[in-house]
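Visitor: Contents of structure.txt (compact mmCIF, N, CA and C atoms) are below:
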# COMPACT_ATOMS: atom_id res chain seq x y z
N PHE A 1 18.29 -5.42 0.63
CA PHE A 1 17.09 -4.64 0.80
C PHE A 1 17.20 -3.85 2.10
N ASN A 2 16.67 -2.64 2.09
CA ASN A 2 16.75 -1.77 3.25
C ASN A 2 15.35 -1.23 3.55
N ILE A 3 14.86 -1.45 4.75
CA ILE A 3 13.55 -0.93 5.15
C ILE A 3 13.72 0.56 5.47
N LEU A 4 13.07 1.40 4.67
CA LEU A 4 13.18 2.85 4.83
C LEU A 4 12.06 3.44 5.66
N GLY A 5 10.95 2.73 5.73
CA GLY A 5 9.82 3.21 6.51
C GLY A 5 8.78 2.13 6.64
N LEU A 6 8.01 2.22 7.72
CA LEU A 6 6.98 1.22 7.99
C LEU A 6 5.77 1.90 8.59
N HIS A 7 4.63 1.65 8.00
CA HIS A 7 3.35 2.06 8.58
C HIS A 7 2.68 0.76 9.01
N GLU A 8 2.69 0.50 10.30
CA GLU A 8 2.13 -0.76 10.79
C GLU A 8 0.63 -0.79 10.57
N PHE A 9 0.09 -2.00 10.56
CA PHE A 9 -1.35 -2.17 10.38
C PHE A 9 -2.10 -1.44 11.48
N ASP A 10 -3.18 -0.78 11.09
CA ASP A 10 -4.11 -0.28 12.09
C ASP A 10 -5.52 -0.46 11.55
N SER A 11 -6.47 -0.55 12.47
CA SER A 11 -7.83 -0.89 12.08
C SER A 11 -8.53 0.25 11.34
N ASP A 12 -8.05 1.48 11.46
CA ASP A 12 -8.64 2.58 10.70
C ASP A 12 -8.27 2.50 9.23
N ARG A 13 -6.99 2.29 8.94
CA ARG A 13 -6.52 2.20 7.56
C ARG A 13 -6.83 0.84 6.93
N LYS A 14 -6.90 -0.19 7.76
CA LYS A 14 -7.12 -1.57 7.32
C LYS A 14 -6.05 -2.04 6.35
N ARG A 15 -4.84 -1.52 6.55
CA ARG A 15 -3.72 -1.93 5.71
C ARG A 15 -2.41 -1.56 6.40
N MET A 16 -1.33 -2.12 5.91
CA MET A 16 0.00 -1.75 6.37
C MET A 16 0.86 -1.53 5.14
N SER A 17 1.92 -0.75 5.31
CA SER A 17 2.81 -0.47 4.19
C SER A 17 4.24 -0.40 4.65
N VAL A 18 5.12 -0.72 3.72
CA VAL A 18 6.55 -0.66 3.98
C VAL A 18 7.23 -0.07 2.75
N VAL A 19 8.16 0.84 2.99
CA VAL A 19 8.95 1.43 1.91
C VAL A 19 10.32 0.76 1.96
N VAL A 20 10.72 0.22 0.80
CA VAL A 20 11.93 -0.60 0.73
C VAL A 20 12.91 -0.01 -0.27
N GLY A 21 14.16 0.11 0.15
CA GLY A 21 15.25 0.44 -0.76
C GLY A 21 15.78 -0.87 -1.33
N CYS A 22 15.78 -0.98 -2.64
CA CYS A 22 16.16 -2.23 -3.31
C CYS A 22 17.64 -2.19 -3.72
N PRO A 23 18.24 -3.37 -3.97
CA PRO A 23 19.65 -3.42 -4.35
C PRO A 23 19.99 -2.62 -5.62
N ASP A 24 19.00 -2.46 -6.50
CA ASP A 24 19.24 -1.69 -7.73
C ASP A 24 19.02 -0.19 -7.53
N ASN A 25 18.92 0.24 -6.26
CA ASN A 25 18.70 1.64 -5.86
C ASN A 25 17.28 2.14 -6.11
N ALA A 26 16.39 1.26 -6.56
CA ALA A 26 14.98 1.64 -6.68
C ALA A 26 14.38 1.70 -5.28
N VAL A 27 13.37 2.54 -5.12
CA VAL A 27 12.63 2.62 -3.87
C VAL A 27 11.19 2.25 -4.19
N LYS A 28 10.67 1.27 -3.44
CA LYS A 28 9.32 0.77 -3.71
C LYS A 28 8.48 0.77 -2.44
N LEU A 29 7.20 1.03 -2.65
CA LEU A 29 6.21 0.98 -1.58
C LEU A 29 5.41 -0.30 -1.75
N PHE A 30 5.39 -1.14 -0.72
CA PHE A 30 4.59 -2.35 -0.71
C PHE A 30 3.47 -2.16 0.30
N VAL A 31 2.25 -2.49 -0.11
CA VAL A 31 1.08 -2.32 0.76
C VAL A 31 0.27 -3.61 0.73
N LYS A 32 -0.23 -4.02 1.89
CA LYS A 32 -1.18 -5.13 1.94
C LYS A 32 -2.30 -4.75 2.86
N GLY A 33 -3.51 -5.20 2.52
CA GLY A 33 -4.63 -4.86 3.36
C GLY A 33 -5.94 -5.42 2.85
N ALA A 34 -6.99 -5.03 3.52
CA ALA A 34 -8.33 -5.45 3.14
C ALA A 34 -8.70 -4.83 1.80
N ASP A 35 -9.45 -5.60 1.01
CA ASP A 35 -9.84 -5.09 -0.31
C ASP A 35 -10.62 -3.79 -0.20
N SER A 36 -11.42 -3.64 0.86
CA SER A 36 -12.22 -2.42 1.01
C SER A 36 -11.35 -1.17 1.14
N SER A 37 -10.18 -1.30 1.73
CA SER A 37 -9.30 -0.14 1.85
C SER A 37 -8.36 -0.01 0.67
N MET A 38 -7.98 -1.12 0.09
CA MET A 38 -7.01 -1.08 -1.00
C MET A 38 -7.61 -0.54 -2.29
N PHE A 39 -8.83 -0.92 -2.60
CA PHE A 39 -9.42 -0.44 -3.85
C PHE A 39 -9.67 1.06 -3.81
N GLY A 40 -9.84 1.63 -2.63
CA GLY A 40 -9.99 3.07 -2.51
C GLY A 40 -8.70 3.83 -2.79
N ALA A 41 -7.58 3.12 -2.71
CA ALA A 41 -6.27 3.76 -2.91
C ALA A 41 -5.69 3.52 -4.30
N ILE A 42 -6.43 2.82 -5.15
CA ILE A 42 -5.92 2.53 -6.49
C ILE A 42 -5.84 3.81 -7.31
N HIS A 43 -4.76 3.95 -8.03
CA HIS A 43 -4.57 5.12 -8.89
C HIS A 43 -5.59 5.08 -10.02
N LYS A 44 -6.09 6.23 -10.39
CA LYS A 44 -7.14 6.33 -11.41
C LYS A 44 -6.70 5.81 -12.78
N SER A 45 -5.40 5.73 -13.02
CA SER A 45 -4.94 5.25 -14.32
C SER A 45 -4.87 3.72 -14.40
N MET A 46 -5.21 3.04 -13.31
CA MET A 46 -5.17 1.58 -13.29
C MET A 46 -6.16 1.02 -14.30
N ASP A 47 -5.77 -0.02 -14.99
CA ASP A 47 -6.61 -0.68 -15.99
C ASP A 47 -7.88 -1.21 -15.32
N LEU A 48 -9.04 -0.69 -15.72
CA LEU A 48 -10.30 -1.09 -15.08
C LEU A 48 -10.63 -2.56 -15.29
N ASP A 49 -10.19 -3.14 -16.40
CA ASP A 49 -10.43 -4.57 -16.62
C ASP A 49 -9.71 -5.39 -15.55
N VAL A 50 -8.51 -4.99 -15.19
CA VAL A 50 -7.75 -5.69 -14.14
C VAL A 50 -8.45 -5.51 -12.80
N VAL A 51 -8.92 -4.30 -12.52
CA VAL A 51 -9.62 -4.03 -11.26
C VAL A 51 -10.87 -4.90 -11.16
N HIS A 52 -11.68 -4.93 -12.22
CA HIS A 52 -12.92 -5.71 -12.20
C HIS A 52 -12.64 -7.21 -12.09
N ALA A 53 -11.63 -7.69 -12.79
CA ALA A 53 -11.27 -9.11 -12.70
C ALA A 53 -10.81 -9.45 -11.28
N THR A 54 -10.03 -8.56 -10.67
CA THR A 54 -9.57 -8.79 -9.30
C THR A 54 -10.74 -8.82 -8.33
N GLU A 55 -11.67 -7.88 -8.50
CA GLU A 55 -12.86 -7.86 -7.64
C GLU A 55 -13.66 -9.15 -7.80
N ALA A 56 -13.78 -9.64 -9.03
CA ALA A 56 -14.52 -10.89 -9.27
C ALA A 56 -13.83 -12.07 -8.59
N HIS A 57 -12.51 -12.13 -8.68
CA HIS A 57 -11.78 -13.21 -8.01
C HIS A 57 -11.97 -13.14 -6.50
N LEU A 58 -11.87 -11.93 -5.94
CA LEU A 58 -12.04 -11.77 -4.49
C LEU A 58 -13.44 -12.18 -4.05
N HIS A 59 -14.44 -11.81 -4.84
CA HIS A 59 -15.81 -12.19 -4.51
C HIS A 59 -15.96 -13.71 -4.54
N GLY A 60 -15.36 -14.34 -5.55
CA GLY A 60 -15.41 -15.80 -5.64
C GLY A 60 -14.75 -16.47 -4.45
N TYR A 61 -13.60 -15.94 -4.04
CA TYR A 61 -12.90 -16.51 -2.88
C TYR A 61 -13.73 -16.34 -1.61
N SER A 62 -14.32 -15.15 -1.44
CA SER A 62 -15.09 -14.92 -0.21
C SER A 62 -16.35 -15.77 -0.19
N SER A 63 -16.94 -16.06 -1.36
CA SER A 63 -18.13 -16.91 -1.38
C SER A 63 -17.80 -18.35 -0.99
N LEU A 64 -16.52 -18.71 -1.07
CA LEU A 64 -16.06 -20.03 -0.63
C LEU A 64 -15.65 -20.01 0.85
N GLY A 65 -15.79 -18.86 1.49
CA GLY A 65 -15.43 -18.73 2.89
C GLY A 65 -13.97 -18.43 3.13
N LEU A 66 -13.25 -18.06 2.07
CA LEU A 66 -11.83 -17.79 2.20
C LEU A 66 -11.59 -16.33 2.57
N ARG A 67 -10.58 -16.09 3.37
CA ARG A 67 -10.17 -14.72 3.71
C ARG A 67 -9.13 -14.27 2.70
N THR A 68 -9.16 -13.02 2.36
CA THR A 68 -8.23 -12.50 1.35
C THR A 68 -7.55 -11.23 1.83
N LEU A 69 -6.39 -10.99 1.26
CA LEU A 69 -5.68 -9.72 1.40
C LEU A 69 -5.29 -9.28 0.00
N VAL A 70 -5.25 -8.00 -0.21
CA VAL A 70 -4.80 -7.43 -1.48
C VAL A 70 -3.40 -6.87 -1.26
N VAL A 71 -2.51 -7.14 -2.20
CA VAL A 71 -1.13 -6.67 -2.13
C VAL A 71 -0.87 -5.78 -3.34
N ALA A 72 -0.18 -4.66 -3.11
CA ALA A 72 0.14 -3.74 -4.20
C ALA A 72 1.56 -3.24 -4.04
N VAL A 73 2.15 -2.82 -5.14
CA VAL A 73 3.50 -2.25 -5.11
C VAL A 73 3.52 -1.02 -6.01
N ARG A 74 4.30 -0.04 -5.61
CA ARG A 74 4.45 1.18 -6.41
C ARG A 74 5.91 1.61 -6.35
N ALA A 75 6.48 1.89 -7.49
CA ALA A 75 7.85 2.41 -7.54
C ALA A 75 7.80 3.91 -7.27
N PHE A 76 8.69 4.38 -6.40
CA PHE A 76 8.80 5.81 -6.10
C PHE A 76 9.86 6.43 -7.00
N SER A 77 9.53 7.59 -7.57
CA SER A 77 10.57 8.39 -8.21
C SER A 77 11.37 9.06 -7.09
N ASP A 78 12.49 9.68 -7.44
CA ASP A 78 13.28 10.38 -6.41
C ASP A 78 12.46 11.45 -5.72
N SER A 79 11.69 12.22 -6.49
CA SER A 79 10.89 13.29 -5.89
C SER A 79 9.75 12.73 -5.05
N ASP A 80 9.12 11.62 -5.50
CA ASP A 80 8.07 10.98 -4.70
C ASP A 80 8.64 10.54 -3.35
N PHE A 81 9.82 9.91 -3.39
CA PHE A 81 10.41 9.41 -2.16
C PHE A 81 10.78 10.55 -1.22
N LYS A 82 11.36 11.62 -1.74
CA LYS A 82 11.73 12.75 -0.89
C LYS A 82 10.50 13.36 -0.22
N GLN A 83 9.41 13.49 -0.98
CA GLN A 83 8.16 14.02 -0.41
C GLN A 83 7.62 13.08 0.65
N TRP A 84 7.61 11.78 0.36
CA TRP A 84 7.14 10.80 1.33
C TRP A 84 8.00 10.85 2.60
N GLN A 85 9.31 10.94 2.42
CA GLN A 85 10.23 10.93 3.56
C GLN A 85 9.99 12.14 4.47
N LEU A 86 9.75 13.31 3.88
CA LEU A 86 9.45 14.50 4.68
C LEU A 86 8.18 14.30 5.50
N GLU A 87 7.14 13.79 4.85
CA GLU A 87 5.87 13.57 5.55
C GLU A 87 6.00 12.48 6.60
N TYR A 88 6.76 11.43 6.30
CA TYR A 88 6.95 10.33 7.24
C TYR A 88 7.67 10.81 8.50
N GLU A 89 8.75 11.59 8.32
CA GLU A 89 9.50 12.10 9.47
C GLU A 89 8.66 13.06 10.30
N LYS A 90 7.87 13.88 9.63
CA LYS A 90 7.00 14.81 10.34
C LYS A 90 5.95 14.04 11.16
N ALA A 91 5.34 13.03 10.55
CA ALA A 91 4.32 12.25 11.25
C ALA A 91 4.91 11.43 12.38
N SER A 92 6.10 10.90 12.18
CA SER A 92 6.69 10.04 13.21
C SER A 92 7.10 10.80 14.46
N THR A 93 7.25 12.11 14.35
CA THR A 93 7.61 12.91 15.52
C THR A 93 6.42 13.69 16.09
N ALA A 94 5.27 13.61 15.42
CA ALA A 94 4.08 14.33 15.89
C ALA A 94 3.48 13.61 17.09
N LEU A 95 2.97 14.38 18.02
CA LEU A 95 2.32 13.80 19.19
C LEU A 95 0.85 13.50 18.93
N ILE A 96 0.21 14.29 18.06
CA ILE A 96 -1.19 14.06 17.71
C ILE A 96 -1.33 14.11 16.20
N GLY A 97 -2.42 13.54 15.69
CA GLY A 97 -2.70 13.58 14.26
C GLY A 97 -1.78 12.73 13.42
N ARG A 98 -1.22 11.69 14.00
CA ARG A 98 -0.27 10.84 13.29
C ARG A 98 -1.00 10.04 12.26
As structure tokens, how would this structure be written, given the file I've shared?

Guide:
Amino acid sequence: FNILGLHEFDSDRKRMSVVVGCPDNAVKLFVKGADSSMFGAIHKSMDLDVVHATEAHLHGYSSLGLRTLVVAVRAFSDSDFKQWQLEYEKASTALIGR
């Protein structure tokens, strides 16, 4: 596995992400964070039954006093990765607006 990029946790985003090059040459984005930030980033094509079931589980856990994190993964196509890489390099060298 090869770490291709890392967005460390910050309190504004309430999540962190890492882009990983896998042994099979796939490139994947892994994200973990607070449910409040993660559900806002869910793709519109996500199965709503899964989203609602996940929200119900999280609510149940929080009612027991448990802390939770949501984890997600997305496979990048070659064009997705190239676009992400351009934006990542631009942001990593910017002095403001990172």

Visitor: Interatomic distance between atom CA of Ser11 of chain A and atom CA of Asp35 of chain A?

Guide: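 Computing the Euclidean distance for atom CA of Ser11 of chain A and atom CA of Asp35 of chain A yields 13.2 Å.
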
Visitor: As JSON, please: the centre and edge lengths in Å, to one decimal, of an axis-aligned box enclosing every listed atom of segment 76-81 of chain A with 3 Å added on each side.

Guide:
{"center_x": 10.7, "center_y": 8.8, "center_z": -4.7, "size_x": 11.2, "size_y": 14.9, "size_z": 13.0}

Visitor: Counting only C-alpha atoms, what is within 7 Å of Leu69 of chain A, bar same-chain residues fewer than 5 positions away, as an MDAnalysis selection string?

Guide: chainID A and resid 32:35

Visitor: Once you have the residues from the selection above, write them out as a short mmCIF file (atom, residue, chain, number, x, y, z; two decimals), in the coordinates of the input, restricted to N, CA and C atoms.

Guide:
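Listed below is the output, part_25.cif:
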data_model
loop_
_atom_site.label_atom_id
_atom_site.label_comp_id
_atom_site.auth_asym_id
_atom_site.auth_seq_id
_atom_site.Cartn_x
_atom_site.Cartn_y
_atom_site.Cartn_z
N LYS A 32 -0.23 -4.02 1.89
CA LYS A 32 -1.18 -5.13 1.94
C LYS A 32 -2.30 -4.75 2.86
N GLY A 33 -3.51 -5.20 2.52
CA GLY A 33 -4.63 -4.86 3.36
C GLY A 33 -5.94 -5.42 2.85
N ALA A 34 -6.99 -5.03 3.52
CA ALA A 34 -8.33 -5.45 3.14
C ALA A 34 -8.70 -4.83 1.80
N ASP A 35 -9.45 -5.60 1.01
CA ASP A 35 -9.84 -5.09 -0.31
C ASP A 35 -10.62 -3.79 -0.20
#

Visitor: Please return, as a PDB file with N, CA and C atoms, in the coordinates of the input, all residues of chain A that DSSP assigns to strand (DSSP E or B) on the basis of the backbone.

Guide:
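Resulting contents of result.pdb:
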ATOM      1  N   ASN A   2      16.670  -2.640   2.090  1.00  0.00           N
ATOM      2  CA  ASN A   2      16.750  -1.770   3.250  1.00  0.00           C
ATOM      3  C   ASN A   2      15.350  -1.230   3.550  1.00  0.00           C
ATOM      4  N   ILE A   3      14.860  -1.450   4.750  1.00  0.00           N
ATOM      5  CA  ILE A   3      13.550  -0.930   5.150  1.00  0.00           C
ATOM      6  C   ILE A   3      13.720   0.560   5.470  1.00  0.00           C
ATOM      7  N   LEU A   4      13.070   1.400   4.670  1.00  0.00           N
ATOM      8  CA  LEU A   4      13.180   2.850   4.830  1.00  0.00           C
ATOM      9  C   LEU A   4      12.060   3.440   5.660  1.00  0.00           C
ATOM     10  N   GLY A   5      10.950   2.730   5.730  1.00  0.00           N
ATOM     11  CA  GLY A   5       9.820   3.210   6.510  1.00  0.00           C
ATOM     12  C   GLY A   5       8.780   2.130   6.640  1.00  0.00           C
ATOM     13  N   LEU A   6       8.010   2.220   7.720  1.00  0.00           N
ATOM     14  CA  LEU A   6       6.980   1.220   7.990  1.00  0.00           C
ATOM     15  C   LEU A   6       5.770   1.900   8.590  1.00  0.00           C
ATOM     16  N   HIS A   7       4.630   1.650   8.000  1.00  0.00           N
ATOM     17  CA  HIS A   7       3.350   2.060   8.580  1.00  0.00           C
ATOM     18  C   HIS A   7       2.680   0.760   9.010  1.00  0.00           C
ATOM     19  N   GLU A   8       2.690   0.500  10.300  1.00  0.00           N
ATOM     20  CA  GLU A   8       2.130  -0.760  10.790  1.00  0.00           C
ATOM     21  C   GLU A   8       0.630  -0.790  10.570  1.00  0.00           C
ATOM     22  N   PHE A   9       0.090  -2.000  10.560  1.00  0.00           N
ATOM     23  CA  PHE A   9      -1.350  -2.170  10.380  1.00  0.00           C
ATOM     24  C   PHE A   9      -2.100  -1.440  11.480  1.00  0.00           C
ATOM     25  N   ASP A  10      -3.180  -0.780  11.090  1.00  0.00           N
ATOM     26  CA  ASP A  10      -4.110  -0.280  12.090  1.00  0.00           C
ATOM     27  C   ASP A  10      -5.520  -0.460  11.550  1.00  0.00           C
ATOM     28  N   ARG A  15      -4.840  -1.520   6.550  1.00  0.00           N
ATOM     29  CA  ARG A  15      -3.720  -1.930   5.710  1.00  0.00           C
ATOM     30  C   ARG A  15      -2.410  -1.560   6.400  1.00  0.00           C
ATOM     31  N   MET A  16      -1.330  -2.120   5.910  1.00  0.00           N
ATOM     32  CA  MET A  16       0.000  -1.750   6.370  1.00  0.00           C
ATOM     33  C   MET A  16       0.860  -1.530   5.140  1.00  0.00           C
ATOM     34  N   SER A  17       1.920  -0.750   5.310  1.00  0.00           N
ATOM     35  CA  SER A  17       2.810  -0.470   4.190  1.00  0.00           C
ATOM     36  C   SER A  17       4.240  -0.400   4.650  1.00  0.00           C
ATOM     37  N   VAL A  18       5.120  -0.720   3.720  1.00  0.00           N
ATOM     38  CA  VAL A  18       6.550  -0.660   3.980  1.00  0.00           C
ATOM     39  C   VAL A  18       7.230  -0.070   2.750  1.00  0.00           C
ATOM     40  N   VAL A  19       8.160   0.840   2.990  1.00  0.00           N
ATOM     41  CA  VAL A  19       8.950   1.430   1.910  1.00  0.00           C
ATOM     42  C   VAL A  19      10.320   0.760   1.960  1.00  0.00           C
ATOM     43  N   VAL A  20      10.720   0.220   0.800  1.00  0.00           N
ATOM     44  CA  VAL A  20      11.930  -0.600   0.730  1.00  0.00           C
ATOM     45  C   VAL A  20      12.910  -0.010  -0.270  1.00  0.00           C
ATOM     46  N   GLY A  21      14.160   0.110   0.150  1.00  0.00           N
ATOM     47  CA  GLY A  21      15.250   0.440  -0.760  1.00  0.00           C
ATOM     48  C   GLY A  21      15.780  -0.870  -1.330  1.00  0.00           C
ATOM     49  N   VAL A  27      13.370   2.540  -5.120  1.00  0.00           N
ATOM     50  CA  VAL A  27      12.630   2.620  -3.870  1.00  0.00           C
ATOM     51  C   VAL A  27      11.190   2.250  -4.190  1.00  0.00           C
ATOM     52  N   LYS A  28      10.670   1.270  -3.440  1.00  0.00           N
ATOM     53  CA  LYS A  28       9.320   0.770  -3.710  1.00  0.00           C
ATOM     54  C   LYS A  28       8.480   0.770  -2.440  1.00  0.00           C
ATOM     55  N   LEU A  29       7.200   1.030  -2.650  1.00  0.00           N
ATOM     56  CA  LEU A  29       6.210   0.980  -1.580  1.00  0.00           C
ATOM     57  C   LEU A  29       5.410  -0.300  -1.750  1.00  0.00           C
ATOM     58  N   PHE A  30       5.390  -1.140  -0.720  1.00  0.00           N
ATOM     59  CA  PHE A  30       4.590  -2.350  -0.710  1.00  0.00           C
ATOM     60  C   PHE A  30       3.470  -2.160   0.300  1.00  0.00           C
ATOM     61  N   VAL A  31       2.250  -2.490  -0.110  1.00  0.00           N
ATOM     62  CA  VAL A  31       1.080  -2.320   0.760  1.00  0.00           C
ATOM     63  C   VAL A  31       0.270  -3.610   0.730  1.00  0.00           C
ATOM     64  N   LYS A  32      -0.230  -4.020   1.890  1.00  0.00           N
ATOM     65  CA  LYS A  32      -1.180  -5.130   1.940  1.00  0.00           C
ATOM     66  C   LYS A  32      -2.300  -4.750   2.860  1.00  0.00           C
ATOM     67  N   GLY A  33      -3.510  -5.200   2.520  1.00  0.00           N
ATOM     68  CA  GLY A  33      -4.630  -4.860   3.360  1.00  0.00           C
ATOM     69  C   GLY A  33      -5.940  -5.420   2.850  1.00  0.00           C
ATOM     70  N   VAL A  70      -5.250  -8.000  -0.210  1.00  0.00           N
ATOM     71  CA  VAL A  70      -4.800  -7.430  -1.480  1.00  0.00           C
ATOM     72  C   VAL A  70      -3.400  -6.870  -1.260  1.00  0.00           C
ATOM     73  N   VAL A  71      -2.510  -7.140  -2.200  1.00  0.00           N
ATOM     74  CA  VAL A  71      -1.130  -6.670  -2.130  1.00  0.00           C
ATOM     75  C   VAL A  71      -0.870  -5.780  -3.340  1.00  0.00           C
ATOM     76  N   ALA A  72      -0.180  -4.660  -3.110  1.00  0.00           N
ATOM     77  CA  ALA A  72       0.140  -3.740  -4.200  1.00  0.00           C
ATOM     78  C   ALA A  72       1.560  -3.240  -4.040  1.00  0.00           C
ATOM     79  N   VAL A  73       2.150  -2.820  -5.140  1.00  0.00           N
ATOM     80  CA  VAL A  73       3.500  -2.250  -5.110  1.00  0.00           C
ATOM     81  C   VAL A  73       3.520  -1.020  -6.010  1.00  0.00           C
ATOM     82  N   ARG A  74       4.300  -0.040  -5.610  1.00  0.00           N
ATOM     83  CA  ARG A  74       4.450   1.180  -6.410  1.00  0.00           C
ATOM     84  C   ARG A  74       5.910   1.610  -6.350  1.00  0.00           C
ATOM     85  N   ALA A  75       6.480   1.890  -7.490  1.00  0.00           N
ATOM     86  CA  ALA A  75       7.850   2.410  -7.540  1.00  0.00           C
ATOM     87  C   ALA A  75       7.800   3.910  -7.270  1.00  0.00           C
ATOM     88  N   PHE A  76       8.690   4.380  -6.400  1.00  0.00           N
ATOM     89  CA  PHE A  76       8.800   5.810  -6.100  1.00  0.00           C
ATOM     90  C   PHE A  76       9.860   6.430  -7.000  1.00  0.00           C
TER      91      PHE A  76
END

Visitor: What does the distance from atom CA of Gly5 of chain A to atom C of Trp84 of chain A come to in Å, to one decimal?

Guide: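 Value for the atom CA of Gly5 of chain A-atom C of Trp84 of chain A distance: 8.8 Å.
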